[in-house]
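J.: Got a structure for you, questions after.
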Amino acid sequence: LTSGLESAWSKLRGVDVLTKENIAEPMRDIRRALLEADVSLPVVRRFVQAVSEQAVGVGLIRGVKPDQQLVKIVHDELVKLMGGEVSELVFAKTGPTVILLAGLQGVGKTTVCAKLAFYLKKLVLYIPEEIDVFPILREDPHGKSCMLVAGDVYRPAATDQLKILGEQVGVPVYAPGIDVKPAQIAKQGLEEAKKMKADVVIVDTAGRLQIDKTMMDELKEMKKVLNPTELLLVVDAMTGQEAAALVTTFNIEIGITGAILTKLDGDSRGGAALSVKEVSGKPIKLVGRGERMEDLEPFYPDRMGGRILGMGDVLTFVEKAQEVMRQEDAEDLQKKIMSAKFDFNDFLKQTRTVARMGSMSRVVGMIPGMGKVTPAQIREAEKSLKVMESMINAMTPEEREKPELLAESPARRKRVATESGKTEQQVAQLVAQLFQMRVRMKNLLGVMEGGSIPALSN
Ligand code: GDP
Ligand code: MG
């Protein structure tokens with residue numbers, strides 16, 4: 001999908017205004033890219049029409065070129081298609097929250113049970129009020145205690161699998177055995193959870209290779225017994241369009257609250273993520289991006305939109321950055337970027353702004369080239385922010401304003417390294433990064449094409 005869309009943009013470089021004629025070819029490319037990504041035809045048609053309507057007549061606005069504005073229009077329309085906002089999990093006001101999982105065989109239900117428990121009791125990012133303190137990960141005092149219920153009684157292995165996973169994430173598993181009916185297990189499991197005062201009960205169910213009446217009846221019965229807060233259909237992203245159809249069918253048959261899209265890490269073509277909301281009316285709430293327990297995260301339509309466009313979420317990133325930065329700061333920064341004066345003081349301000357922008361994990365995910373983010377990576381990112389800061393603190397005011405000084409002088413880099421207790425290589429990396437950022441930001445704002453990164457002298 002990505003490469004198809006990228007070629008679509010290149011055809012518009014240098015046009016003054018978007019017209020029906022000059023967007024025709026990019027629109028065909030977009031259409032083809034979406035179809036190749038296995039998005040259903042009616043959805044593609046509506047999408048292309050919506051984008052075309054907004055695009056025609058768009059010219060240069062405040063220094064942003066028409067082709068870049070088309071990227072923005074497509075991006076926003078993609079986000080809208082995927083439901084716009086993040087669709088949060090709902091929790092019960094009183095008593096345990098019950099999450100019932102449904103889905104075909106092998107889609108990842110049992111794995112999701114454990115991942116979800118891990119996610120709910122997980123570490124959260126704590127963002128201190130003070131501007132100078134970086135966010136840290138710590139156990140969420142409001143983290144939820146969970147219990148898993150083994151409702152798949154058709155294969156003994158399924159129960160064992162859940163028990164093993166439960167142990168791995170440190171969550172109790174209620175598994176009375178495979179001679180008990182699923183609805184009965186659900187009922188007992190819920191009672192058990194109430195006794196244990198668990199915040200959330202996650203109920204695993206059996207899947208089938210295809211939708212059949214027994215499965216639906218069983219789910220309906222479990223739903224009746226449990227009165228779940230969330231009934232989530234787990235679907236495999238690899239199934240493309242089929243995923244949207246499944247969500248629709250399950251919703252009509254048993255009434256669901258949303259979907260979990262798994263295996264987004266595979267070479268799925270993304271069509272599932274794009275179509276589910278539009279086709280079924282139900283949101284994707286979470287996505288699975290791998291087999292490890294930490295590979296479950298909320299579904300962010302904006303991030304996904306950016307990823308589909310093959311540029312990380314640069315637009316959202318810029319918008320968010322501007323929201324958080326004071327207005328004059330933003331204008332000042334823009335001026336500096338335009339005149340290639342973006343320096344280490346701005347770098348510092350920028351990284352602090354980034355740190356304050358809310359969940360670090362979201363922000364890291366928005367940075368182009370960083371797709372999948374795990375808690376470990378977030379911790380890494382935070383550490384590296386701290387490392388950067390200590391090096392910048394060891395620079396003289398002059399060096400901060402003129403990073404060229406550091407690029408040109410190994411002696412200066414060595415001094416900064418010694419004073420900050422980092423290696424010369426780390427300092428060199430930071431300097432290189434600043435110049436890379438200048439180039440990237442310039443391109444982003446469309447002020448100048450290209451630009452160069454100086455080689456550091458030795
Ligand atoms: P169930 O039959 O629906 O309960 O599916 P399972 O939870 O047993 O998962 C089936 C297989 O898919 C297992 O090997 C999982 O490790 C794998 N799996 C589940 N979710 C993901 C995912 O997000 N990415 C990848 N790559 N594999 C996954
Ligand atoms: Mg299973």
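Quick note on naming: the chains in the structure tokens go A, B, ... in the order shown, residues restart at 1 in each chain, and ligands are numbered from 1 in order of appearance.
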Hey, which residues sit close to ligand 2? Say within 6 Å, counting only C-alpha atoms and all ligand atoms, and write them as an NGL selection string.
T.: :A and (109-110 or 158)
J.: Residues up to 7 Å from ligand 1, counting only C-alpha atoms and all ligand atoms: could you list those as number ranges by chain?
T.: A: 103-112, 207, 262-266, 288-291, 295
J.: As a list in words, please: every residue in segment 131-223 of chain A that DSSP puts in strand (DSSP E).
T.: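 Of segment 131-223 of chain A, only Ile136, Leu137, Arg138, Glu139, Cys146, Met147, Leu148, Val149, Ala150, Gly151, Val173, Tyr174, Val200, Val201, Ile202, Val203, Asp204 and Thr205 of chain A fall in strand (DSSP E).
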J.: Would you export the selected residues with N, CA and C atoms as a CSV table (one decimal), in the first residue's frame, please?
T.:
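Dumped everything to part15.csv:
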chain,number,residue,atom,x,y,z
A,136,ILE,N,8.4,8.9,33.4
A,136,ILE,CA,9.0,7.6,33.7
A,136,ILE,C,7.9,6.6,33.7
A,137,LEU,N,8.3,5.3,33.5
A,137,LEU,CA,7.3,4.2,33.5
A,137,LEU,C,7.2,3.7,34.9
A,138,ARG,N,6.0,3.5,35.4
A,138,ARG,CA,5.9,2.8,36.7
A,138,ARG,C,4.6,2.1,36.7
A,139,GLU,N,4.4,1.2,37.7
A,139,GLU,CA,3.2,0.5,37.9
A,139,GLU,C,2.1,1.4,38.1
A,146,CYS,N,-6.8,-8.7,37.1
A,146,CYS,CA,-7.6,-9.4,36.1
A,146,CYS,C,-7.7,-10.9,36.5
A,147,MET,N,-8.7,-11.5,35.9
A,147,MET,CA,-8.8,-13.0,36.0
A,147,MET,C,-9.2,-13.5,34.6
A,148,LEU,N,-8.6,-14.6,34.2
A,148,LEU,CA,-8.9,-15.2,32.9
A,148,LEU,C,-9.8,-16.4,33.2
A,149,VAL,N,-10.7,-16.6,32.2
A,149,VAL,CA,-11.6,-17.8,32.3
A,149,VAL,C,-11.5,-18.6,31.1
A,150,ALA,N,-11.2,-19.9,31.3
A,150,ALA,CA,-11.0,-20.8,30.2
A,150,ALA,C,-12.3,-21.3,29.6
A,151,GLY,N,-12.9,-20.7,28.7
A,151,GLY,CA,-14.2,-21.1,28.1
A,151,GLY,C,-14.1,-21.9,26.9
A,173,VAL,N,-6.1,-18.0,36.5
A,173,VAL,CA,-6.9,-18.5,35.4
A,173,VAL,C,-7.9,-19.4,36.0
A,174,TYR,N,-9.2,-19.2,35.7
A,174,TYR,CA,-10.2,-20.1,36.2
A,174,TYR,C,-10.5,-21.1,35.1
A,200,VAL,N,-11.3,-7.0,36.4
A,200,VAL,CA,-11.7,-7.4,35.0
A,200,VAL,C,-11.6,-8.9,34.9
A,201,VAL,N,-12.7,-9.5,34.3
A,201,VAL,CA,-12.7,-10.9,33.9
A,201,VAL,C,-12.6,-11.0,32.4
A,202,ILE,N,-11.7,-11.8,31.9
A,202,ILE,CA,-11.6,-11.9,30.5
A,202,ILE,C,-11.9,-13.4,30.2
A,203,VAL,N,-12.9,-13.6,29.3
A,203,VAL,CA,-13.4,-14.9,29.0
A,203,VAL,C,-13.0,-15.4,27.6
A,204,ASP,N,-12.2,-16.4,27.6
A,204,ASP,CA,-11.8,-17.1,26.3
A,204,ASP,C,-12.9,-18.0,25.8
A,205,THR,N,-13.0,-18.1,24.6
A,205,THR,CA,-14.1,-19.0,24.0
A,205,THR,C,-13.5,-19.9,22.9
J.: Taking only C-alpha atoms into account, which of A:Glu167, A:Glu21, A:Asp217, A:Glu85 comes nearest Ala102 of chain A?
T.: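 Selected residue with least distance to Ala102 of chain A: A:Asp217.
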